[in-house]
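*Asks:* File follows, coords_4.txt with compact mmCIF, C-alpha atoms:
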# COMPACT_ATOMS: atom_id res chain seq x y z
CA MET E 19 -143.55 93.45 2.47
CA PRO E 20 -144.57 92.05 5.74
CA LYS E 21 -142.59 93.20 8.74
CA VAL E 22 -140.41 90.61 10.42
CA LYS E 23 -141.08 90.68 14.09
CA ILE E 24 -138.02 90.18 16.25
CA PRO E 25 -139.05 88.76 19.55
CA ARG E 26 -137.84 90.86 22.44
CA LYS E 27 -135.83 88.95 24.90
CA SER E 28 -135.28 90.00 28.47
CA THR E 29 -131.70 90.90 29.38
CA ALA E 30 -132.08 89.64 32.95
CA ILE E 31 -130.04 86.52 33.53
CA ASP E 32 -130.91 83.98 36.13
CA MET E 33 -128.33 84.60 38.84
CA THR E 34 -129.17 81.59 40.94
CA ALA E 35 -126.53 79.33 39.46
CA MET E 36 -123.83 81.94 39.80
CA CYS E 37 -124.86 82.61 43.37
CA ASP E 38 -124.59 78.90 44.12
CA VAL E 39 -121.09 78.75 42.69
CA ALA E 40 -119.97 81.82 44.63
CA PHE E 41 -121.12 80.46 47.94
CA LEU E 42 -119.83 76.99 47.21
CA LEU E 43 -116.38 78.42 46.62
CA LEU E 44 -116.69 80.58 49.69
CA SER E 45 -117.57 77.67 51.93
CA PHE E 46 -114.77 75.63 50.38
CA PHE E 47 -112.17 78.27 51.16
CA ILE E 48 -113.39 78.78 54.68
CA LEU E 49 -113.33 75.08 55.44
CA ALA E 50 -110.09 74.36 53.61
CA THR E 51 -107.99 77.01 55.35
CA LYS E 52 -106.33 75.85 58.48
CA GLN E 53 -107.19 77.66 61.62
CA LYS E 54 -104.23 79.32 63.22
CA PRO E 55 -103.78 78.18 66.79
CA PRO E 56 -104.56 81.06 69.12
CA GLU E 57 -101.42 82.87 70.05
CA VAL E 58 -101.08 83.73 73.66
CA LEU E 59 -97.79 85.46 73.17
CA SER E 60 -97.84 88.21 70.64
CA VAL E 61 -94.64 88.21 68.67
CA THR E 62 -93.89 89.84 65.33
CA PRO E 63 -91.15 87.86 63.65
CA PRO E 64 -88.72 89.48 61.21
CA ALA E 65 -89.05 88.98 57.47
CA SER E 66 -86.85 86.81 55.28
CA VAL E 67 -86.78 85.70 51.67
CA SER E 68 -86.93 82.06 52.68
CA SER E 69 -89.84 80.37 51.00
CA LYS E 70 -90.02 77.16 52.99
CA ALA E 71 -93.13 76.88 55.11
CA ALA E 72 -92.69 76.40 58.83
CA PRO E 73 -93.65 72.90 59.98
CA ASP E 74 -96.77 72.45 62.12
CA LYS E 75 -95.44 69.88 64.52
CA SER E 76 -92.57 71.61 66.15
CA ILE E 77 -90.65 72.43 69.23
CA LEU E 78 -91.00 76.15 69.29
CA ILE E 79 -89.02 78.58 71.37
CA THR E 80 -90.66 81.96 71.45
CA LEU E 81 -88.64 85.00 72.31
CA THR E 82 -90.71 87.98 73.35
CA LYS E 83 -89.92 91.66 73.10
CA GLU E 84 -88.65 91.70 76.67
CA GLY E 85 -86.31 88.77 75.96
CA LYS E 86 -88.38 86.20 77.84
CA ALA E 87 -88.17 82.69 76.47
CA PHE E 88 -91.14 80.33 76.21
CA LEU E 89 -91.17 76.74 75.10
CA MET E 90 -93.95 75.06 73.20
CA LEU E 91 -93.83 71.33 72.68
CA GLY E 92 -95.97 70.74 69.63
CA ASP E 93 -95.35 67.03 69.17
CA ASP E 94 -98.01 65.52 71.43
CA THR E 95 -96.64 62.01 71.19
CA LYS E 96 -93.36 63.01 72.80
CA LYS E 97 -94.55 65.81 75.05
CA GLY E 98 -95.25 63.54 78.01
CA GLU E 99 -91.87 61.86 77.68
CA ILE E 100 -90.02 65.16 77.57
CA LEU E 101 -91.78 66.47 80.65
CA GLN E 102 -91.17 63.18 82.46
CA ASN E 103 -87.52 63.28 81.49
CA ILE E 104 -86.91 66.76 82.83
CA ASN E 105 -88.90 65.91 85.96
CA ASP E 106 -86.61 62.96 86.64
CA ILE E 107 -83.35 64.69 85.78
CA LYS E 108 -83.95 67.93 87.61
CA GLY E 109 -85.85 66.34 90.48
CA ILE E 110 -88.93 68.53 90.36
CA GLY E 111 -90.84 65.78 92.15
CA LEU E 112 -94.21 66.03 90.49
CA THR E 113 -96.94 63.52 91.29
CA PRO E 114 -98.60 61.70 88.37
CA GLY E 115 -101.63 63.95 88.82
CA GLU E 116 -99.51 67.05 88.55
CA MET E 117 -97.75 65.62 85.52
CA ALA E 118 -101.06 65.11 83.76
CA LYS E 119 -102.01 68.67 84.53
CA TRP E 120 -98.67 69.93 83.27
CA LYS E 121 -99.08 68.03 80.04
CA LYS E 122 -102.19 70.01 79.30
CA ALA E 123 -100.41 73.36 79.48
CA ALA E 124 -100.05 75.00 76.08
CA PHE E 125 -96.54 76.25 76.75
CA ILE E 126 -93.89 76.44 79.40
CA GLY E 127 -92.91 79.84 80.68
CA LEU E 128 -91.76 79.31 84.24
CA PRO E 129 -88.48 78.48 85.88
CA LEU E 130 -88.31 74.81 86.85
CA GLY E 131 -88.43 75.70 90.54
CA GLN E 132 -91.80 77.39 90.24
CA ILE E 133 -93.58 74.71 88.26
CA LYS E 134 -94.81 72.61 91.14
CA SER E 135 -96.31 75.53 93.01
CA SER E 136 -97.94 76.99 89.90
CA LEU E 137 -99.62 73.67 89.09
CA ASN E 138 -101.21 73.65 92.50
CA ALA E 139 -102.10 77.32 92.49
CA ALA E 140 -105.79 78.14 92.42
CA ARG E 141 -105.42 80.81 89.79
CA GLU E 142 -103.40 80.62 86.63
CA ILE E 143 -100.87 83.32 85.96
CA PRO E 144 -101.82 85.34 82.87
CA ALA E 145 -99.45 84.77 79.95
CA GLY E 146 -98.21 88.35 80.00
CA GLN E 147 -97.00 88.06 83.57
CA LEU E 148 -95.11 84.80 83.24
CA PRO E 149 -91.40 85.25 83.85
CA GLY E 150 -90.31 82.93 81.03
CA ILE E 151 -87.68 80.22 81.16
CA PRO E 152 -84.48 81.65 82.63
CA THR E 153 -81.67 81.84 80.09
CA ASP E 154 -79.03 83.78 82.03
CA SER E 155 -75.46 82.68 81.64
CA THR E 156 -75.40 81.49 85.25
CA ASN E 157 -78.74 79.73 85.17
CA ASN E 158 -79.66 78.75 81.64
CA GLU E 159 -82.54 76.31 82.07
CA MET E 160 -82.98 76.17 78.32
CA ILE E 161 -79.92 73.90 78.34
CA ASP E 162 -81.78 71.45 80.59
CA TRP E 163 -84.83 71.59 78.38
CA MET E 164 -82.79 70.95 75.27
CA ARG E 165 -81.03 68.07 76.99
CA SER E 166 -84.35 66.42 77.80
CA ILE E 167 -85.55 66.97 74.27
CA THR E 168 -82.44 65.41 72.74
CA ASN E 169 -82.70 62.54 75.23
CA VAL E 170 -86.25 61.75 74.18
CA TYR E 171 -85.50 62.10 70.49
CA ALA E 172 -82.24 60.14 70.79
CA GLY E 173 -83.60 57.14 68.88
CA THR E 174 -84.98 59.13 65.98
CA ASP E 175 -83.24 60.77 63.11
CA GLN E 176 -81.20 63.82 64.09
CA LYS E 177 -82.29 65.55 60.92
CA LYS E 178 -85.90 65.15 61.84
CA LEU E 179 -85.31 66.84 65.16
CA GLU E 180 -83.40 69.65 63.51
CA GLU E 181 -86.30 70.30 61.23
CA MET E 182 -88.64 70.52 64.19
CA LEU E 183 -86.65 72.97 66.24
CA LEU E 184 -87.95 76.45 65.66
CA VAL E 185 -87.04 79.77 67.17
CA LYS E 186 -89.54 82.54 66.82
CA GLY E 187 -88.31 85.87 68.01
CA ASP E 188 -89.79 89.31 68.21
CA ASN E 189 -88.24 92.02 66.06
CA ALA E 190 -87.38 94.06 69.12
CA ALA E 191 -85.83 91.25 71.18
CA LEU E 192 -82.24 92.05 71.96
CA TYR E 193 -79.50 89.96 70.41
CA PRO E 194 -78.00 88.56 73.65
CA SER E 195 -81.26 86.81 74.53
CA PHE E 196 -81.15 85.06 71.16
CA LYS E 197 -77.50 84.24 71.64
CA ARG E 198 -78.22 82.48 74.93
CA ILE E 199 -80.76 80.26 73.18
CA LYS E 200 -78.19 79.44 70.53
CA GLU E 201 -75.81 78.50 73.32
CA ALA E 202 -78.39 76.15 74.78
CA PHE E 203 -78.62 74.42 71.40
CA LYS E 204 -74.86 74.24 71.03
CA LYS E 205 -74.36 72.79 74.50
CA ASN E 206 -76.50 69.87 73.39
CA GLU E 207 -74.73 69.50 70.10
CA ILE E 208 -77.54 70.85 68.04
CA TYR E 209 -76.05 73.00 65.34
CA LYS E 210 -78.95 73.31 62.96
CA PHE E 211 -82.33 74.78 63.63
CA ARG E 212 -84.84 77.06 61.99
CA ILE E 213 -86.04 80.57 62.53
CA VAL E 214 -89.68 81.44 62.02
CA THR E 215 -90.00 84.45 59.76
CA ASN E 216 -92.62 86.19 57.73
CA GLY E 217 -92.34 85.40 54.07
CA GLU E 218 -91.08 88.21 51.90
CA ALA E 219 -90.58 88.53 48.17
CA VAL E 220 -87.04 88.50 46.83
CA PRO E 221 -86.09 92.12 46.03
CA VAL E 222 -86.18 92.76 42.29
CA GLY E 223 -82.73 93.11 40.78
CA SER E 224 -80.84 91.48 43.63
CA GLU E 225 -78.36 88.66 43.10
CA LEU E 226 -80.79 86.04 44.31
CA TYR E 227 -83.48 87.41 42.02
CA LYS E 228 -81.19 87.17 39.01
CA LYS E 229 -80.18 83.65 39.96
CA GLY E 230 -83.79 82.56 40.25
CA ASN E 231 -84.65 84.00 36.87
CA THR E 232 -81.79 82.46 34.93
CA LYS E 233 -82.46 78.99 36.22
CA MET Y 25 -134.56 77.64 40.44
CA ALA Y 26 -136.03 80.73 41.89
CA GLU Y 27 -138.88 80.73 39.50
CA MET Y 28 -142.25 79.46 40.46
CA ASP Y 29 -145.29 78.92 38.47
CA THR Y 30 -147.50 81.76 39.49
CA SER Y 31 -149.94 81.48 36.66
CA SER Y 32 -151.97 78.75 38.24
CA GLY Y 33 -155.61 78.57 37.49
CA GLY Y 34 -155.19 80.18 34.10
CA GLY Y 35 -158.04 78.39 32.54
CA HIS Y 36 -160.09 78.25 35.70
CA LYS Y 37 -163.12 80.36 35.58
CA LYS Y 38 -163.86 82.35 38.59
CA GLY Y 39 -167.34 82.98 39.70
CA PRO Y 40 -168.82 86.40 39.88
CA GLY Y 41 -167.86 88.36 42.91
CA VAL Y 42 -164.50 86.63 43.31
CA LYS Y 43 -161.89 89.33 43.35
CA LYS Y 44 -158.89 88.94 41.17
CA SER Y 45 -155.83 88.97 43.43
CA LYS Y 46 -152.72 90.63 42.08
CA LYS Y 47 -150.06 88.14 41.15
CA LEU Y 48 -146.63 89.12 42.43
CA SER Y 49 -143.54 87.63 40.93
CA THR Y 50 -141.42 85.60 43.35
CA ARG Y 51 -138.27 86.20 41.39
CA VAL Y 52 -135.58 87.86 43.44
CA ASP Y 53 -132.67 89.69 41.97
CA LEU Y 54 -129.70 87.67 43.08
CA THR Y 55 -127.01 89.94 41.66
CA PRO Y 56 -126.10 91.65 44.97
CA MET Y 57 -125.86 88.29 46.66
CA VAL Y 58 -123.45 87.04 44.01
CA ASP Y 59 -121.42 90.20 44.45
CA LEU Y 60 -121.25 89.62 48.17
CA GLY Y 61 -120.24 86.00 47.67
CA PHE Y 62 -117.35 86.84 45.42
CA LEU Y 63 -116.28 89.71 47.62
CA LEU Y 64 -116.00 87.34 50.57
CA ILE Y 65 -114.09 84.81 48.47
CA THR Y 66 -111.52 87.38 47.41
CA PHE Y 67 -111.20 88.54 51.00
CA PHE Y 68 -110.53 85.04 52.28
CA VAL Y 69 -108.13 84.18 49.51
CA PHE Y 70 -106.03 87.27 50.14
CA THR Y 71 -105.94 87.08 53.90
CA THR Y 72 -104.97 83.42 54.04
CA THR Y 73 -102.01 83.57 51.69
CA MET Y 74 -100.54 86.69 53.26
CA SER Y 75 -99.93 85.39 56.77
CA GLN Y 76 -97.84 82.38 55.84
CA SER Y 77 -94.92 82.04 58.14
CA THR Y 78 -91.76 80.59 56.74
CA ALA Y 79 -88.78 78.92 58.29
CA MET Y 80 -85.24 80.06 57.74
CA LYS Y 81 -82.41 77.59 58.21
CA MET Y 82 -79.69 78.34 60.71
CA ASN Y 83 -76.39 76.54 60.82
CA GLU Y 84 -74.16 77.14 63.78
CA PRO Y 85 -70.50 76.28 63.83
CA LYS Y 86 -69.16 73.81 66.34
CA ASP Y 87 -67.19 75.34 69.17
CA ASP Y 88 -63.92 73.72 68.37
CA SER Y 89 -60.82 75.67 69.27
CA THR Y 90 -58.58 73.33 67.29
CA GLN Y 91 -60.29 74.23 64.06
CA ILE Y 92 -59.87 77.93 63.66
CA LEU Y 93 -60.59 79.16 60.21
CA LYS Y 94 -57.92 81.43 58.84
CA VAL Y 95 -59.27 84.15 56.64
CA LYS Y 96 -57.28 86.24 54.22
CA ASN Y 97 -57.26 89.92 55.07
CA SER Y 98 -58.00 90.89 51.50
CA GLY Y 99 -61.15 88.82 51.36
CA ALA Y 100 -62.64 89.60 54.73
CA MET Y 101 -65.34 92.10 55.45
CA THR Y 102 -66.58 92.52 58.97
CA ILE Y 103 -70.12 93.73 59.44
CA LEU Y 104 -71.08 94.98 62.88
CA LEU Y 105 -74.64 95.50 64.02
CA GLY Y 106 -75.31 98.21 66.53
CA LYS Y 107 -78.07 99.97 68.38
CA GLY Y 108 -80.88 101.66 66.44
CA ASP Y 109 -80.56 99.51 63.30
CA GLN Y 110 -77.11 100.91 62.61
CA VAL Y 111 -74.57 98.93 60.62
CA TYR Y 112 -70.81 99.39 60.76
CA TYR Y 113 -68.23 97.68 58.65
CA TYR Y 114 -64.57 97.43 57.86
CA TYR Y 115 -62.42 95.45 55.47
CA GLY Y 116 -59.63 93.17 56.51
CA GLN Y 117 -58.23 93.66 59.97
CA LEU Y 118 -58.45 96.69 62.20
CA GLU Y 119 -55.18 98.50 62.52
CA ALA Y 120 -54.66 100.71 65.52
CA ASP Y 121 -53.36 103.73 63.65
CA LYS Y 122 -55.96 103.71 60.89
CA LEU Y 123 -59.12 103.07 62.92
CA SER Y 124 -61.11 106.08 61.85
CA GLU Y 125 -60.32 105.44 58.21
CA GLN Y 126 -61.25 101.79 58.29
CA PHE Y 127 -64.27 101.80 60.54
CA LYS Y 128 -67.26 103.09 58.61
CA SER Y 129 -70.91 103.36 59.41
CA THR Y 130 -73.77 102.57 57.06
CA SER Y 131 -77.36 101.38 57.16
CA PHE Y 132 -79.35 98.33 56.21
CA LYS Y 133 -80.41 100.06 53.02
CA GLU Y 134 -76.89 100.53 51.78
CA ILE Y 135 -75.25 97.38 53.07
CA ARG Y 136 -76.58 95.32 50.17
CA GLU Y 137 -74.59 97.27 47.61
CA LEU Y 138 -71.47 97.01 49.74
CA ILE Y 139 -71.86 93.25 50.07
CA VAL Y 140 -72.38 92.83 46.33
CA ALA Y 141 -69.42 95.09 45.54
CA LYS Y 142 -67.17 93.14 47.90
CA LYS Y 143 -68.37 89.85 46.47
CA LYS Y 144 -67.60 90.96 42.92
CA ALA Y 145 -64.20 92.40 43.81
CA THR Y 146 -62.95 89.33 45.64
CA ASN Y 147 -61.96 85.87 44.57
CA ILE Y 148 -64.74 83.59 45.78
CA ASP Y 149 -62.34 81.30 47.67
CA ASP Y 150 -61.03 84.18 49.78
CA LEU Y 151 -64.39 85.78 50.40
CA MET Y 152 -65.56 85.89 54.00
CA PHE Y 153 -68.16 88.02 55.68
CA ILE Y 154 -67.80 88.18 59.42
CA ILE Y 155 -70.97 89.23 61.20
CA LYS Y 156 -70.77 90.54 64.72
CA SER Y 157 -73.79 91.60 66.70
CA ASP Y 158 -73.50 94.19 69.40
CA LYS Y 159 -75.32 93.48 72.66
CA GLU Y 160 -77.76 96.25 71.91
CA SER Y 161 -78.67 95.14 68.42
CA THR Y 162 -81.95 93.32 68.01
CA PHE Y 163 -83.01 89.89 66.88
CA LYS Y 164 -84.40 91.52 63.76
CA ASN Y 165 -80.97 92.91 62.87
CA ALA Y 166 -79.33 89.51 63.25
CA ILE Y 167 -81.91 87.86 61.00
CA ASP Y 168 -81.93 90.71 58.50
CA ILE Y 169 -78.21 90.53 57.92
CA LEU Y 170 -78.36 86.76 57.40
CA ASP Y 171 -81.23 87.33 55.02
CA GLU Y 172 -79.14 89.94 53.25
CA MET Y 173 -76.50 87.25 52.73
CA SER Y 174 -78.98 85.00 50.98
CA ILE Y 175 -80.38 87.92 48.97
CA CYS Y 176 -76.87 88.71 47.76
CA ASP Y 177 -76.36 85.01 47.05
CA VAL Y 178 -73.28 84.67 49.23
CA PRO Y 179 -72.62 80.93 49.31
CA PRO Y 180 -72.97 79.22 52.70
CA GLY Y 181 -69.64 78.89 54.44
CA HIS Y 182 -68.57 82.32 53.27
CA TYR Y 183 -70.24 84.15 56.11
CA ALA Y 184 -70.17 83.51 59.82
CA GLU Y 185 -71.40 84.97 63.04
CA VAL Y 186 -68.60 85.74 65.45
CA ASP Y 187 -68.59 87.24 68.93
CA ILE Y 188 -67.79 90.90 69.11
CA THR Y 189 -64.42 91.97 70.50
CA GLU Y 190 -63.87 94.69 73.09
CA THR Y 191 -62.14 97.03 70.65
CA GLU Y 192 -65.04 96.82 68.24
CA ASP Y 193 -67.53 97.32 71.00
CA LEU Y 194 -65.65 100.43 72.08
CA LEU Y 195 -65.54 101.73 68.52
CA ILE Y 196 -69.27 101.29 68.15
CA ARG Y 197 -69.90 103.13 71.43
CA ARG Y 198 -67.71 105.98 70.33
CA THR Y 199 -69.36 106.24 66.93
CA GLU Y 200 -72.78 106.10 68.51
CA GLU Y 201 -71.90 108.93 70.82
CA ALA Y 202 -70.52 110.98 67.97
CA ASN Y 203 -73.60 110.40 65.82
CA ASN Y 204 -75.95 110.76 68.76
CA ILE Y 205 -77.74 107.44 68.36
CA ARG Y 206 -79.78 106.07 71.17
Any chance you could put this one into C-alpha cells?

*Replies:*
Amino acid sequence: MPKVKIPRKSTAIDMTAMCDVAFLLLSFFILATKQKPPEVLSVTPPASVSSKAAPDKSILITLTKEGKAFLMLGDDTKKGEILQNINDIKGIGLTPGEMAKWKKAAFIGLPLGQIKSSLNAAREIPAGQLPGIPTDSTNNEMIDWMRSITNVYAGTDQKKLEEMLLVKGDNAALYPSFKRIKEAFKKNEIYKFRIVTNGEAVPVGSELYKKGNTK
Amino acid sequence: MAEMDTSSGGGHKKGPGVKKSKKLSTRVDLTPMVDLGFLLITFFVFTTTMSQSTAMKMNEPKDDSTQILKVKNSGAMTILLGKGDQVYYYYGQLEADKLSEQFKSTSFKEIRELIVAKKKATNIDDLMFIIKSDKESTFKNAIDILDEMSICDVPPGHYAEVDITETEDLLIRRTEEANNIR
C-alpha cells in the first residue's frame, strides 16, 4: 500500500493583520478619550454612589484643603458678561484692556480689591500662593460673584443654571468653609446645586443595592 | 503583507564566478508587537473609565422662619459629625438628665446599620434624620453622610442638614476629650 503523504503545514500565523487591528484600536481609544483640562489646583473630592457624570460646561467652585475658594467660569459665552457685571456692580474700574486680560484667566482666586493690581503686575502669582476668594461671614465675596452669575443667567432657565453650578471640595476641607459657600448660594436664592465626587460602586447588600436589583 | 518575493531570478542562470548570495527572509515575527498593542489598549481602557467624576445633587432648604418643620420625637434621629471622622448620634430630643445615656458615639462604618435599623423601626411618615456638622468636621464627612442616606435609600425630604446647637457642640467637645480624639 502506498503511503499517503500528509503535507506539513507551518504553524506560524501571519500576525500582520492582528497587529493592524491592535494598533487601530489603540489609536481609536487615544483619540476618542477626552483630554482632562490641566488642573492647577489639586483637589481630591470625596466619593459618592451617584452615577451621573459631571457636566463639562460649568461654573465650578473649588474648595482646597486650606479652605480657599476658587471660581472657574467654564461657559465661555457668558464669562465676559459675568466679569463685566461684577466690574460694574462692585466698581473695580477695569479698563477694556484689563477686562480682556482678565477674561483669559483660567480661574479667579483673588479678592475683588486685588484684581486690578494683579492684572497689571509683571509676574503672575503661582496658583498655590493665591489667597482665594474671601468667604468670611463679614466679607463673603462669593455672594457678589453668585449675584453676578444669577444676573447674567436671569433670562435663561433656572434649572439649566442649577445643573451648571458645581462645588468641588477637597476631602480635608473643613465644613465651615463649605457652609459659607452654601450661604452664598442661598443668599441668591439658589437652592440646588451639584457636588463633584468620584464615582463609587454601590455597596453590595445595602438598601440601594437591593432596590437597584429588584427593579 | 510582510512577505516579499525573495525568490527572484529563480530560473535565471548565473554565469560562472558569480557568487550565490544568501537569501534572507524578510518576514518579521509580529507577535510581540501585537502583544504590546493590546497591552496598551487595556491600559488606556482601564485608566480612562476609572477617573470619571460624577455629580451629586444637593438640595438646600429655603431659610424661611415661618415654615418650621415639626418632627416627631419618636421618628427623629440626630447624627452629629465631629473631628477625626467621628460620628455621634441620639434619638429624639436631648434631655438634660439623660444626656450620657442618649448621646452615643459611633463611626462611619457602623452608622449605616444604625440608619437602616432606625428606618425599619419607624413609620416612614415620621422618619427624619437630622444631620449636624461640627465646625471641625470635614467636607468629606458632610458628603459621606449624605451619600450614606442615598445608600440606605432614605427618601429625600426625610433627612436635613441643620446647624449645630451649643449644647451639642459642648457634648461633642466633652466626648472628644474623654476619648482623646484630636

*Asks:* Could you please select, counting only C-alpha atoms, the residues of chain Y within 9 Å of chain E and state them as number ranges by chain?

*Replies:* Y: 25-26, 53-55, 57-62, 64-66, 68-69, 72, 74-87, 136, 140, 157-168, 170-172, 174-178

*Asks:* Which polymer residues have any atom within 12 Å of an atom of Trp163 (chain E), counting all atoms listed in the file, with same-chain residues fewer than 4 positions away left out, as JSON, numbers by chain?

*Replies:* {"E": [77, 78, 79, 87, 88, 89, 90, 91, 97, 100, 101, 102, 103, 104, 105, 107, 108, 126, 127, 128, 129, 130, 151, 152, 153, 158, 159, 167, 168, 169, 170, 199, 202, 203, 205, 206]}

*Asks:* Neighbouring residues of Ile155 (chain Y) were defined as those with any atom within 10 Å, considering all atoms listed in the file; residues of the same chain fewer than 6 positions away were excluded. Please report them as a list in words.

*Replies:*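 Residues meeting the cut-off are Met101, Thr102, Ile103, Leu104, Leu105, Tyr113, Ala166, Ile169, Leu170, Tyr183, Ala184, Glu185, Val186, Asp187 and Ile188 of chain Y.
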
*Asks:* What's around Asn147 (chain Y) at 12 Å? Count only C-alpha atoms, leave out sequence neighbours fewer than 5 positions away in its own chain, and write the answer as a PyMOL selection string.

*Replies:* chain Y and resi 96+98-100+141-142+152+182

*Asks:* To one decimal place in Å, what is the distance between CA of Gly92 (chain E) and CA of Trp120 (chain E)?

*Replies:* 13.9 Å

*Asks:* Measure the distance from CA of Ile148 (chain Y) to CA of Ile196 (chain Y) in Å and round it to one decimal.

*Replies:*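 Calculated distance between CA of Ile148 (chain Y) and CA of Ile196 (chain Y) is 28.9 Å.
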
*Asks:* Hey, can you check how far CA of Pro180 (chain Y) sits from CA of Thr174 (chain E)?

*Replies:*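 For CA of Pro180 (chain Y) relative to CA of Thr174 (chain E), the distance reads 26.9 Å.
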